[in-house]
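Listing of work.cif, mmCIF, C-alpha atoms
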data_my_file
#
loop_
_atom_site.group_PDB
_atom_site.id
_atom_site.type_symbol
_atom_site.label_atom_id
_atom_site.label_comp_id
_atom_site.auth_asym_id
_atom_site.auth_seq_id
_atom_site.Cartn_x
_atom_site.Cartn_y
_atom_site.Cartn_z
ATOM 1 C CA MET A 1323 40.877 160.226 61.260
ATOM 2 C CA SER A 1324 42.336 162.679 58.803
ATOM 3 C CA GLY A 1325 40.106 164.591 56.445
ATOM 4 C CA PRO A 1326 40.048 164.413 52.656
ATOM 5 C CA PRO A 1327 43.090 165.657 50.770
ATOM 6 C CA ALA A 1328 43.307 169.428 50.502
ATOM 7 C CA GLU A 1329 41.699 170.775 47.348
ATOM 8 C CA THR A 1330 44.191 171.356 44.567
ATOM 9 C CA PRO A 1331 43.567 172.981 41.218
ATOM 10 C CA PRO A 1332 42.377 170.348 38.732
ATOM 11 C CA PRO A 1333 44.304 169.879 35.498
ATOM 12 C CA ALA A 1334 43.222 171.971 32.565
ATOM 13 C CA THR A 1335 41.268 169.115 31.045
ATOM 14 C CA LEU A 1336 39.103 168.859 34.171
ATOM 15 C CA ARG A 1337 38.382 172.569 34.642
ATOM 16 C CA GLY A 1338 34.767 173.306 34.047
ATOM 17 C CA VAL A 1339 33.686 169.725 34.731
ATOM 18 C CA THR A 1340 30.987 170.178 37.332
ATOM 19 C CA GLY A 1341 29.291 166.804 37.094
ATOM 20 C CA LEU A 1342 31.528 164.885 39.516
ATOM 21 C CA LEU A 1343 29.679 163.024 42.254
ATOM 22 C CA GLY A 1344 29.907 164.100 45.885
ATOM 23 C CA PRO A 1345 28.663 162.298 49.030
ATOM 24 C CA ALA A 1346 25.050 163.456 48.632
ATOM 25 C CA GLU A 1347 24.885 162.491 44.956
ATOM 26 C CA ILE A 1348 26.432 159.076 45.649
ATOM 27 C CA ARG A 1349 23.924 158.246 48.384
ATOM 28 C CA ASP A 1350 20.979 159.585 46.397
ATOM 29 C CA LEU A 1351 21.972 157.571 43.341
ATOM 30 C CA ALA A 1352 22.488 154.415 45.405
ATOM 31 C CA ALA A 1353 19.086 154.862 47.060
ATOM 32 C CA ARG A 1354 17.383 155.415 43.705
ATOM 33 C CA LEU A 1355 18.941 152.212 42.353
ATOM 34 C CA GLY A 1356 18.338 150.230 45.520
ATOM 35 C CA VAL A 1357 22.068 149.539 45.759
ATOM 36 C CA ALA A 1358 23.919 148.753 48.965
ATOM 37 C CA PRO A 1359 27.694 148.194 48.799
ATOM 38 C CA THR A 1360 28.616 144.550 49.367
ATOM 39 C CA LYS A 1361 31.770 143.015 50.824
ATOM 40 C CA LYS A 1362 31.351 140.078 48.446
ATOM 41 C CA LEU A 1363 32.065 142.340 45.461
ATOM 42 C CA GLY A 1364 34.592 144.446 47.384
ATOM 43 C CA GLN A 1365 32.550 147.603 46.830
ATOM 44 C CA ASN A 1366 33.685 150.878 48.402
ATOM 45 C CA PHE A 1367 32.441 153.840 46.387
ATOM 46 C CA VAL A 1368 34.594 156.991 46.154
ATOM 47 C CA HIS A 1369 32.521 160.082 46.987
ATOM 48 C CA ASP A 1370 35.222 162.780 47.063
ATOM 49 C CA PRO A 1371 35.583 164.710 43.769
ATOM 50 C CA ASN A 1372 39.104 165.836 44.633
ATOM 51 C CA THR A 1373 40.229 162.237 45.016
ATOM 52 C CA VAL A 1374 39.021 161.229 41.562
ATOM 53 C CA ARG A 1375 40.672 164.330 40.090
ATOM 54 C CA ARG A 1376 43.869 163.308 41.845
ATOM 55 C CA ILE A 1377 43.665 159.785 40.403
ATOM 56 C CA VAL A 1378 43.059 161.016 36.872
ATOM 57 C CA THR A 1379 45.881 163.539 37.153
ATOM 58 C CA ALA A 1380 48.284 160.884 38.473
ATOM 59 C CA ALA A 1381 47.299 158.562 35.618
ATOM 60 C CA GLY A 1382 48.824 161.040 33.163
ATOM 61 C CA LEU A 1383 46.560 160.155 30.258
ATOM 62 C CA ALA A 1384 47.278 161.517 26.806
ATOM 63 C CA PRO A 1385 44.359 162.751 24.657
ATOM 64 C CA ASP A 1386 44.529 159.591 22.531
ATOM 65 C CA ASP A 1387 44.580 157.162 25.468
ATOM 66 C CA VAL A 1388 41.762 154.650 25.790
ATOM 67 C CA ALA A 1389 41.056 154.103 29.467
ATOM 68 C CA LEU A 1390 39.938 150.815 30.974
ATOM 69 C CA GLU A 1391 38.111 151.111 34.287
ATOM 70 C CA VAL A 1392 37.271 148.042 36.360
ATOM 71 C CA GLY A 1393 34.530 148.268 38.954
ATOM 72 C CA PRO A 1394 33.181 151.737 38.097
ATOM 73 C CA GLY A 1395 30.389 151.346 40.630
ATOM 74 C CA LEU A 1396 28.201 154.429 40.681
ATOM 75 C CA GLY A 1397 30.461 156.301 38.254
ATOM 76 C CA SER A 1398 32.591 158.690 40.330
ATOM 77 C CA LEU A 1399 35.857 157.956 38.548
ATOM 78 C CA THR A 1400 34.167 157.329 35.207
ATOM 79 C CA LEU A 1401 32.891 160.904 35.086
ATOM 80 C CA ALA A 1402 36.398 162.235 35.687
ATOM 81 C CA LEU A 1403 37.901 159.994 32.993
ATOM 82 C CA LEU A 1404 35.451 160.855 30.216
ATOM 83 C CA PRO A 1405 36.700 164.424 29.560
ATOM 84 C CA VAL A 1406 40.371 163.407 29.366
ATOM 85 C CA ALA A 1407 40.408 160.056 27.517
ATOM 86 C CA ALA A 1408 39.611 159.343 23.897
ATOM 87 C CA HIS A 1409 37.341 156.539 25.088
ATOM 88 C CA VAL A 1410 36.495 154.741 28.346
ATOM 89 C CA HIS A 1411 35.729 151.042 28.696
ATOM 90 C CA ALA A 1412 34.010 150.392 32.033
ATOM 91 C CA VAL A 1413 33.832 146.756 33.150
ATOM 92 C CA GLU A 1414 31.208 146.189 35.849
ATOM 93 C CA ILE A 1415 30.094 142.819 37.224
ATOM 94 C CA ASP A 1416 27.040 144.156 39.088
ATOM 95 C CA PRO A 1417 24.113 144.151 36.617
ATOM 96 C CA THR A 1418 22.268 147.017 38.323
ATOM 97 C CA LEU A 1419 25.314 149.270 38.354
ATOM 98 C CA ALA A 1420 26.270 148.350 34.776
ATOM 99 C CA ALA A 1421 22.787 149.190 33.536
ATOM 100 C CA ALA A 1422 22.699 152.541 35.360
ATOM 101 C CA LEU A 1423 26.137 153.844 34.354
ATOM 102 C CA PRO A 1424 25.268 155.080 30.831
ATOM 103 C CA GLU A 1425 22.374 157.126 32.225
ATOM 104 C CA THR A 1426 24.607 158.588 34.936
ATOM 105 C CA ALA A 1427 27.166 159.552 32.297
ATOM 106 C CA ALA A 1428 24.504 161.113 30.078
ATOM 107 C CA ARG A 1429 23.176 163.156 32.986
ATOM 108 C CA HIS A 1430 26.512 164.403 34.310
ATOM 109 C CA ALA A 1431 29.049 164.234 31.455
ATOM 110 C CA GLY A 1432 27.120 165.844 28.617
ATOM 111 C CA PRO A 1433 28.569 165.126 25.154
ATOM 112 C CA ASP A 1434 31.523 163.279 26.712
ATOM 113 C CA ALA A 1435 29.104 160.463 27.600
ATOM 114 C CA GLY A 1436 29.403 159.267 24.013
ATOM 115 C CA ARG A 1437 32.944 158.125 24.757
ATOM 116 C CA LEU A 1438 31.761 155.466 27.222
ATOM 117 C CA THR A 1439 31.275 151.761 26.586
ATOM 118 C CA VAL A 1440 29.959 149.726 29.528
ATOM 119 C CA HIS A 1441 30.681 145.999 29.678
ATOM 120 C CA ARG A 1442 28.570 143.877 32.004
ATOM 121 C CA ALA A 1443 31.326 141.358 32.680
ATOM 122 C CA ASP A 1444 33.726 139.813 35.165
ATOM 123 C CA ALA A 1445 37.111 141.500 34.761
ATOM 124 C CA LEU A 1446 38.822 138.228 35.657
ATOM 125 C CA ARG A 1447 37.279 136.574 32.598
ATOM 126 C CA ILE A 1448 37.045 139.359 30.054
ATOM 127 C CA ARG A 1449 38.958 138.862 26.805
ATOM 128 C CA ALA A 1450 40.761 141.226 24.472
ATOM 129 C CA ALA A 1451 38.185 140.692 21.732
ATOM 130 C CA GLU A 1452 35.485 142.197 23.980
ATOM 131 C CA LEU A 1453 37.536 145.381 24.431
ATOM 132 C CA ALA A 1454 38.832 145.744 20.908
ATOM 133 C CA ASP A 1455 36.855 148.788 19.776
ATOM 134 C CA PRO A 1456 39.014 150.704 20.524
ATOM 135 C CA PRO A 1457 41.658 148.664 22.401
ATOM 136 C CA PRO A 1458 42.573 149.990 25.883
ATOM 137 C CA THR A 1459 45.934 151.655 26.420
ATOM 138 C CA ALA A 1460 45.657 152.582 30.122
ATOM 139 C CA LEU A 1461 44.122 150.872 33.153
ATOM 140 C CA VAL A 1462 42.719 153.439 35.605
ATOM 141 C CA ALA A 1463 40.602 151.969 38.365
ATOM 142 C CA ASN A 1464 39.546 151.824 41.994
ATOM 143 C CA LEU A 1465 39.859 148.051 42.118
ATOM 144 C CA PRO A 1466 37.749 145.832 44.357
ATOM 145 C CA TYR A 1467 40.106 144.875 47.181
ATOM 146 C CA ASN A 1468 39.309 141.167 47.106
ATOM 147 C CA VAL A 1469 40.419 140.630 43.488
ATOM 148 C CA ALA A 1470 42.848 143.496 42.846
ATOM 149 C CA VAL A 1471 46.023 141.501 42.173
ATOM 150 C CA PRO A 1472 44.502 138.796 39.940
ATOM 151 C CA VAL A 1473 42.615 141.461 37.964
ATOM 152 C CA VAL A 1474 45.775 143.474 37.253
ATOM 153 C CA LEU A 1475 47.753 140.377 36.253
ATOM 154 C CA HIS A 1476 44.949 139.004 34.077
ATOM 155 C CA LEU A 1477 44.496 142.282 32.218
ATOM 156 C CA LEU A 1478 48.217 142.705 31.582
ATOM 157 C CA ALA A 1479 48.380 139.162 30.223
ATOM 158 C CA GLU A 1480 45.237 139.509 28.119
ATOM 159 C CA LEU A 1481 45.686 143.057 26.807
ATOM 160 C CA PRO A 1482 49.083 143.693 25.205
ATOM 161 C CA THR A 1483 47.831 147.146 24.194
ATOM 162 C CA LEU A 1484 47.871 148.292 27.853
ATOM 163 C CA ARG A 1485 50.849 150.633 28.074
ATOM 164 C CA GLN A 1486 50.345 151.992 31.567
ATOM 165 C CA GLY A 1487 48.102 152.009 34.587
ATOM 166 C CA LEU A 1488 47.132 153.743 37.808
ATOM 167 C CA VAL A 1489 45.150 151.618 40.245
ATOM 168 C CA MET A 1490 43.850 152.208 43.745
ATOM 169 C CA VAL A 1491 44.082 149.169 45.995
ATOM 170 C CA GLN A 1492 44.364 148.365 49.685
ATOM 171 C CA LYS A 1493 47.567 149.988 51.014
ATOM 172 C CA GLU A 1494 48.975 146.627 52.083
ATOM 173 C CA VAL A 1495 48.448 145.286 48.555
ATOM 174 C CA ALA A 1496 49.991 148.423 47.045
ATOM 175 C CA ASP A 1497 53.101 147.901 49.165
ATOM 176 C CA ARG A 1498 53.397 144.319 47.923
ATOM 177 C CA LEU A 1499 52.955 145.248 44.284
ATOM 178 C CA VAL A 1500 55.785 147.795 44.319
ATOM 179 C CA ALA A 1501 58.170 145.943 46.683
ATOM 180 C CA GLY A 1502 61.651 145.004 45.541
ATOM 181 C CA PRO A 1503 63.884 142.041 46.393
ATOM 182 C CA GLY A 1504 64.856 141.934 50.060
ATOM 183 C CA SER A 1505 61.706 143.629 51.291
ATOM 184 C CA LYS A 1506 59.625 141.805 53.905
ATOM 185 C CA VAL A 1507 56.531 142.209 51.703
ATOM 186 C CA TYR A 1508 58.216 141.190 48.453
ATOM 187 C CA GLY A 1509 56.472 138.142 47.065
ATOM 188 C CA ILE A 1510 54.440 136.620 44.259
ATOM 189 C CA PRO A 1511 52.496 139.816 43.328
ATOM 190 C CA SER A 1512 55.737 141.832 43.289
ATOM 191 C CA VAL A 1513 57.544 139.459 40.937
ATOM 192 C CA LYS A 1514 54.629 138.794 38.601
ATOM 193 C CA LEU A 1515 53.848 142.482 38.139
ATOM 194 C CA ALA A 1516 57.567 143.113 37.514
ATOM 195 C CA TRP A 1517 57.418 140.607 34.653
ATOM 196 C CA TYR A 1518 55.018 142.917 32.821
ATOM 197 C CA ALA A 1519 55.796 146.396 34.061
ATOM 198 C CA ARG A 1520 57.806 148.798 36.170
ATOM 199 C CA ALA A 1521 55.703 149.823 39.155
ATOM 200 C CA ARG A 1522 55.926 152.581 41.725
ATOM 201 C CA ALA A 1523 53.924 153.880 44.660
ATOM 202 C CA ALA A 1524 51.902 156.963 43.700
ATOM 203 C CA GLY A 1525 50.408 158.021 47.034
ATOM 204 C CA LYS A 1526 48.086 157.077 49.877
ATOM 205 C CA VAL A 1527 44.319 157.613 50.030
ATOM 206 C CA PRO A 1528 42.510 157.983 53.392
ATOM 207 C CA PRO A 1529 39.480 155.847 54.271
ATOM 208 C CA ASN A 1530 36.990 158.701 54.633
ATOM 209 C CA VAL A 1531 36.762 159.409 50.902
ATOM 210 C CA PHE A 1532 34.842 156.134 50.495
ATOM 211 C CA TRP A 1533 31.340 154.955 51.239
ATOM 212 C CA PRO A 1534 31.217 152.750 53.221
ATOM 213 C CA VAL A 1535 34.389 153.768 55.054
ATOM 214 C CA PRO A 1536 36.890 150.867 54.956
ATOM 215 C CA ASN A 1537 39.006 150.094 58.000
ATOM 216 C CA VAL A 1538 42.256 150.388 56.015
ATOM 217 C CA ASP A 1539 44.081 153.023 53.996
ATOM 218 C CA SER A 1540 44.282 152.692 50.232
ATOM 219 C CA GLY A 1541 47.319 153.139 48.028
ATOM 220 C CA LEU A 1542 47.862 154.245 44.447
ATOM 221 C CA VAL A 1543 50.122 152.126 42.250
ATOM 222 C CA ALA A 1544 51.363 153.398 38.912
ATOM 223 C CA PHE A 1545 52.948 151.093 36.368
ATOM 224 C CA THR A 1546 54.452 151.311 32.897
ATOM 225 C CA ARG A 1547 54.573 148.317 30.552
ATOM 226 C CA ARG A 1548 57.997 146.946 29.694
ATOM 227 C CA GLU A 1549 59.270 144.066 27.606
ATOM 228 C CA PRO A 1550 59.503 140.762 29.519
ATOM 229 C CA PRO A 1551 62.944 140.118 31.038
ATOM 230 C CA ARG A 1552 63.518 137.228 28.619
ATOM 231 C CA ASP A 1553 61.884 136.082 25.415
ATOM 232 C CA ASP A 1554 63.310 132.547 25.426
ATOM 233 C CA VAL A 1555 61.167 131.167 28.249
ATOM 234 C CA PRO A 1556 57.350 131.181 28.546
ATOM 235 C CA ARG A 1557 55.762 133.362 31.203
ATOM 236 C CA GLN A 1558 53.846 130.372 32.582
ATOM 237 C CA ARG A 1559 57.081 128.514 33.281
ATOM 238 C CA VAL A 1560 58.588 131.523 35.060
ATOM 239 C CA PHE A 1561 55.457 131.975 37.156
ATOM 240 C CA ALA A 1562 55.573 128.297 38.159
ATOM 241 C CA VAL A 1563 59.046 128.901 39.597
ATOM 242 C CA VAL A 1564 57.825 132.000 41.431
ATOM 243 C CA ASP A 1565 54.828 130.166 42.900
ATOM 244 C CA ALA A 1566 57.023 127.317 44.128
ATOM 245 C CA ALA A 1567 59.687 129.611 45.567
ATOM 246 C CA PHE A 1568 57.230 131.558 47.707
ATOM 247 C CA ALA A 1569 54.991 128.644 48.701
ATOM 248 C CA GLN A 1570 57.528 127.892 51.453
ATOM 249 C CA ARG A 1571 59.281 131.201 52.065
ATOM 250 C CA ARG A 1572 61.493 129.971 54.901
ATOM 251 C CA LYS A 1573 63.033 127.191 52.854
ATOM 252 C CA THR A 1574 66.063 127.574 50.676
ATOM 253 C CA LEU A 1575 65.388 127.535 46.970
ATOM 254 C CA ARG A 1576 66.994 124.096 46.698
ATOM 255 C CA ALA A 1577 64.285 122.740 49.001
ATOM 256 C CA ALA A 1578 61.417 124.999 47.909
ATOM 257 C CA LEU A 1579 61.874 124.127 44.230
ATOM 258 C CA ALA A 1580 62.359 120.386 44.754
ATOM 259 C CA GLY A 1581 58.749 119.550 43.950
ATOM 260 C CA TRP A 1582 58.787 121.765 40.873
ATOM 261 C CA ALA A 1583 62.086 120.404 39.542
ATOM 262 C CA GLY A 1584 61.516 116.748 40.366
ATOM 263 C CA GLY A 1585 63.922 116.570 43.287
ATOM 264 C CA ALA A 1586 66.247 118.728 45.368
ATOM 265 C CA ASP A 1587 69.325 117.769 43.348
ATOM 266 C CA ARG A 1588 67.635 118.694 40.083
ATOM 267 C CA ALA A 1589 66.529 121.989 41.626
ATOM 268 C CA ALA A 1590 70.089 122.706 42.756
ATOM 269 C CA ALA A 1591 71.389 121.942 39.273
ATOM 270 C CA ALA A 1592 68.886 124.355 37.670
ATOM 271 C CA LEU A 1593 69.741 127.043 40.204
ATOM 272 C CA THR A 1594 73.465 126.647 39.678
ATOM 273 C CA ALA A 1595 73.040 126.756 35.913
ATOM 274 C CA ALA A 1596 71.112 130.013 36.317
ATOM 275 C CA GLY A 1597 73.855 131.510 38.477
ATOM 276 C CA VAL A 1598 71.703 131.458 41.627
ATOM 277 C CA ASP A 1599 72.900 130.172 45.008
ATOM 278 C CA PRO A 1600 70.827 127.058 45.888
ATOM 279 C CA GLY A 1601 70.948 128.233 49.508
ATOM 280 C CA ALA A 1602 69.247 131.551 48.709
ATOM 281 C CA ARG A 1603 65.576 132.261 49.369
ATOM 282 C CA GLY A 1604 62.924 133.526 46.985
ATOM 283 C CA GLU A 1605 62.614 136.974 48.521
ATOM 284 C CA SER A 1606 66.183 137.813 47.476
ATOM 285 C CA LEU A 1607 65.721 137.171 43.751
ATOM 286 C CA THR A 1608 64.829 139.552 40.952
ATOM 287 C CA VAL A 1609 62.343 138.663 38.225
ATOM 288 C CA GLU A 1610 65.317 138.288 35.866
ATOM 289 C CA GLN A 1611 66.787 135.618 38.145
ATOM 290 C CA PHE A 1612 63.484 133.750 38.305
ATOM 291 C CA ALA A 1613 63.395 133.808 34.521
ATOM 292 C CA ALA A 1614 66.934 132.446 34.368
ATOM 293 C CA ILE A 1615 65.970 129.555 36.654
ATOM 294 C CA ALA A 1616 62.955 128.770 34.473
ATOM 295 C CA ALA A 1617 65.169 128.792 31.387
ATOM 296 C CA SER A 1618 67.466 126.251 33.082
ATOM 297 C CA ALA A 1619 64.537 124.070 34.172
ATOM 298 C CA PRO A 1620 64.483 120.295 33.698
ATOM 299 C CA ALA A 1621 62.215 119.241 30.861
ATOM 300 C CA ALA A 1622 59.808 117.650 33.336
ATOM 301 C CA ALA A 1623 59.291 120.819 35.361
ATOM 302 C CA PRO A 1624 55.641 122.003 35.255
ATOM 303 C CA ALA A 1625 54.387 125.374 34.056
ATOM 304 C CA ALA A 1626 51.820 127.538 35.839
ATOM 305 C CA GLN A 1627 48.397 127.833 34.308
#
What does the file become when written as structure tokens?
Amino acid sequence: MSGPPAETPPPATLRGVTGLLGPAEIRDLAARLGVAPTKKLGQNFVHDPNTVRRIVTAAGLAPDDVALEVGPGLGSLTLALLPVAAHVHAVEIDPTLAAALPETAARHAGPDAGRLTVHRADALRIRAAELADPPPTALVANLPYNVAVPVVLHLLAELPTLRQGLVMVQKEVADRLVAGPGSKVYGIPSVKLAWYARARAAGKVPPNVFWPVPNVDSGLVAFTRREPPRDDVPRQRVFAVVDAAFAQRRKTLRAALAGWAGGADRAAAALTAAGVDPGARGESLTVEQFAAIAASAPAAAPAAQ
């Protein structure tokens, strides 16, 4: 197994920050809190200071950015975000970890700890009103692997103020999020993220920077918000087309969309009206083409929730 990434000089905003948590501090803090990482919550705590510096650097935050962190855990990434962001919202579902994070920040971040707001909440259910003071502009997070995609999509839908993001997810998930049409891993996550943002791969992270050590590599995904491909069709209707198209990947779109459209002939008519070959398959279409199909949909076609 390869070692941690070679040490690189931290950005100017992180020089002099000595309170980042290493392996010993992470284990000591966990023991003091009586915390053991759980698979149920997808917890793998980062214990390598250089990795969190790398994440914060790759996030490219401006001094006025308000960072949103999901799953801060014991606070490794939080401590690196506090000196560079105007404010940090940390959303933590574990009550023990949420309660301990302000004390950890006060102990290690000095005056920067005042920029932290901790929310004891489920990121899949949190609403914009709970994060309104001040509203987040950047998502920067080591996301729990088991909910990474739905969390990203929920936050982009719920928080129009999010302009950008840098998330660490399982490498396989990262590949799916940034895949383009024609790729073997292009699918529902790829298209739905493309509705909101332009995404790119931003690097790989080895397993041994985590505790416990996962049995997979992690990947960094960077994204920048963009305007939706079309403003004349609701997102929910477009996503219903995407869900139907990939539910049966091997079928042609004429067949795969039959249930959605109310019959194969009606699906073929909507596809033809959108300029899409009814014999094509979902993995060949761009998000713009999915939107065009939704805009040509029969009135009876359902919308995703």
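You can rank A:Thr1546, A:Gln1492, A:Asn1464, A:Thr1574 by their closest distance to Asp1599 of chain A using all atoms listed in the file, and at the top of that list sits A:Thr1574.
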Exercise for the section: I need the residue set behind the PyMOL selection byres ((chain A and resi 1391) around 9) for this file; please write it as a PyMOL selection string. Expected result: chain A and resi 1389-1390+1392-1394+1399-1400+1403+1410-1414+1460-1465
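Residue nearest Arg1559 of chain A within the list A:Lys1514, A:Arg1522, A:Arg1588, A:Arg1376: A:Lys1514 [criterion: smallest interatomic distance, all atoms listed in the file].
Proximity of A:Val1491, A:Val1440, A:Leu1342, A:Ala1616 to Asp1455 of chain A, computed with all atoms listed in the file, is greatest for A:Val1440.
Residues having any atom no farther than 9 Å from (63.8, 134.2, 46.6) (counting only C-alpha atoms) are Pro1503, Gly1504, Gly1509, Val1564, Ala1567, Phe1568, Arg1571, Thr1574, Leu1575, Ala1602, Arg1603, Gly1604, Glu1605, Ser1606, Leu1607, Thr1608 and Phe1612 of chain A.
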For segment 1526-1533 of chain A: contacts at 6 Å, only C-alpha atoms, fewer than 6 positions along chain excluded, given as a compact mmCIF listing (two decimals) with C-alpha atoms, in the coordinates of the input:
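In the end it all went to selection.txt:
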# COMPACT_ATOMS: atom_id res chain seq x y z
CA ASN A 1366 33.68 150.88 48.40
CA PHE A 1367 32.44 153.84 46.39
CA VAL A 1368 34.59 156.99 46.15
CA HIS A 1369 32.52 160.08 46.99
CA ASP A 1370 35.22 162.78 47.06
CA ASP A 1539 44.08 153.02 54.00
CA SER A 1540 44.28 152.69 50.23
CA GLY A 1541 47.32 153.14 48.03
Practice task
To verify the selection step, state as a VMD selection string which residues the PyMOL selection byres ((chain A and resi 1593) around 10) yields on this input.
Solution key: chain A and resid 1575 to 1576 1579 1587 to 1592 1594 to 1602 1611 to 1612 1614 to 1616 1618 to 1619
Using C-alpha atoms, can you export the residues from the last selection as an mmCIF file, keeping the file's coordinate frame?
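Contents of again.cif, as written:
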data_model
loop_
_atom_site.group_PDB
_atom_site.id
_atom_site.type_symbol
_atom_site.label_atom_id
_atom_site.label_comp_id
_atom_site.auth_asym_id
_atom_site.auth_seq_id
_atom_site.Cartn_x
_atom_site.Cartn_y
_atom_site.Cartn_z
ATOM 1 C CA LEU A 1575 65.388 127.535 46.970
ATOM 2 C CA ARG A 1576 66.994 124.096 46.698
ATOM 3 C CA LEU A 1579 61.874 124.127 44.230
ATOM 4 C CA ASP A 1587 69.325 117.769 43.348
ATOM 5 C CA ARG A 1588 67.635 118.694 40.083
ATOM 6 C CA ALA A 1589 66.529 121.989 41.626
ATOM 7 C CA ALA A 1590 70.089 122.706 42.756
ATOM 8 C CA ALA A 1591 71.389 121.942 39.273
ATOM 9 C CA ALA A 1592 68.886 124.355 37.670
ATOM 10 C CA THR A 1594 73.465 126.647 39.678
ATOM 11 C CA ALA A 1595 73.040 126.756 35.913
ATOM 12 C CA ALA A 1596 71.112 130.013 36.317
ATOM 13 C CA GLY A 1597 73.855 131.510 38.477
ATOM 14 C CA VAL A 1598 71.703 131.458 41.627
ATOM 15 C CA ASP A 1599 72.900 130.172 45.008
ATOM 16 C CA PRO A 1600 70.827 127.058 45.888
ATOM 17 C CA GLY A 1601 70.948 128.233 49.508
ATOM 18 C CA ALA A 1602 69.247 131.551 48.709
ATOM 19 C CA GLN A 1611 66.787 135.618 38.145
ATOM 20 C CA PHE A 1612 63.484 133.750 38.305
ATOM 21 C CA ALA A 1614 66.934 132.446 34.368
ATOM 22 C CA ILE A 1615 65.970 129.555 36.654
ATOM 23 C CA ALA A 1616 62.955 128.770 34.473
ATOM 24 C CA SER A 1618 67.466 126.251 33.082
ATOM 25 C CA ALA A 1619 64.537 124.070 34.172
#
Rebuild N, CA and C atoms on segment 1425-1437 of chain A, as a PDB file, in the frame of the given file?
ATOM      1  N   GLU A1425      23.292 156.032  31.891  1.00  0.00           N
ATOM      2  CA  GLU A1425      22.374 157.126  32.225  1.00  0.00           C
ATOM      3  C   GLU A1425      23.056 158.155  33.113  1.00  0.00           C
ATOM      4  N   THR A1426      23.861 157.673  34.072  1.00  0.00           N
ATOM      5  CA  THR A1426      24.607 158.588  34.936  1.00  0.00           C
ATOM      6  C   THR A1426      25.561 159.443  34.105  1.00  0.00           C
ATOM      7  N   ALA A1427      26.251 158.808  33.156  1.00  0.00           N
ATOM      8  CA  ALA A1427      27.166 159.552  32.297  1.00  0.00           C
ATOM      9  C   ALA A1427      26.419 160.569  31.450  1.00  0.00           C
ATOM     10  N   ALA A1428      25.282 160.185  30.905  1.00  0.00           N
ATOM     11  CA  ALA A1428      24.504 161.113  30.078  1.00  0.00           C
ATOM     12  C   ALA A1428      24.030 162.310  30.890  1.00  0.00           C
ATOM     13  N   ARG A1429      23.697 162.086  32.136  1.00  0.00           N
ATOM     14  CA  ARG A1429      23.176 163.156  32.986  1.00  0.00           C
ATOM     15  C   ARG A1429      24.261 164.119  33.436  1.00  0.00           C
ATOM     16  N   HIS A1430      25.467 163.582  33.685  1.00  0.00           N
ATOM     17  CA  HIS A1430      26.512 164.403  34.310  1.00  0.00           C
ATOM     18  C   HIS A1430      27.664 164.775  33.382  1.00  0.00           C
ATOM     19  N   ALA A1431      27.872 164.017  32.298  1.00  0.00           N
ATOM     20  CA  ALA A1431      29.049 164.234  31.455  1.00  0.00           C
ATOM     21  C   ALA A1431      28.743 164.914  30.133  1.00  0.00           C
ATOM     22  N   GLY A1432      27.475 165.164  29.853  1.00  0.00           N
ATOM     23  CA  GLY A1432      27.120 165.844  28.617  1.00  0.00           C
ATOM     24  C   GLY A1432      27.581 165.081  27.393  1.00  0.00           C
ATOM     25  N   PRO A1433      28.147 165.788  26.405  1.00  0.00           N
ATOM     26  CA  PRO A1433      28.569 165.126  25.154  1.00  0.00           C
ATOM     27  C   PRO A1433      29.688 164.110  25.358  1.00  0.00           C
ATOM     28  N   ASP A1434      30.451 164.243  26.463  1.00  0.00           N
ATOM     29  CA  ASP A1434      31.523 163.279  26.712  1.00  0.00           C
ATOM     30  C   ASP A1434      30.979 161.883  26.989  1.00  0.00           C
ATOM     31  N   ALA A1435      29.697 161.774  27.317  1.00  0.00           N
ATOM     32  CA  ALA A1435      29.104 160.463  27.600  1.00  0.00           C
ATOM     33  C   ALA A1435      29.191 159.531  26.401  1.00  0.00           C
ATOM     34  N   GLY A1436      29.292 160.088  25.207  1.00  0.00           N
ATOM     35  CA  GLY A1436      29.403 159.267  24.013  1.00  0.00           C
ATOM     36  C   GLY A1436      30.706 158.501  23.919  1.00  0.00           C
ATOM     37  N   ARG A1437      31.661 158.830  24.774  1.00  0.00           N
ATOM     38  CA  ARG A1437      32.944 158.125  24.757  1.00  0.00           C
ATOM     39  C   ARG A1437      32.939 156.871  25.629  1.00  0.00           C
TER      40      ARG A1437
END
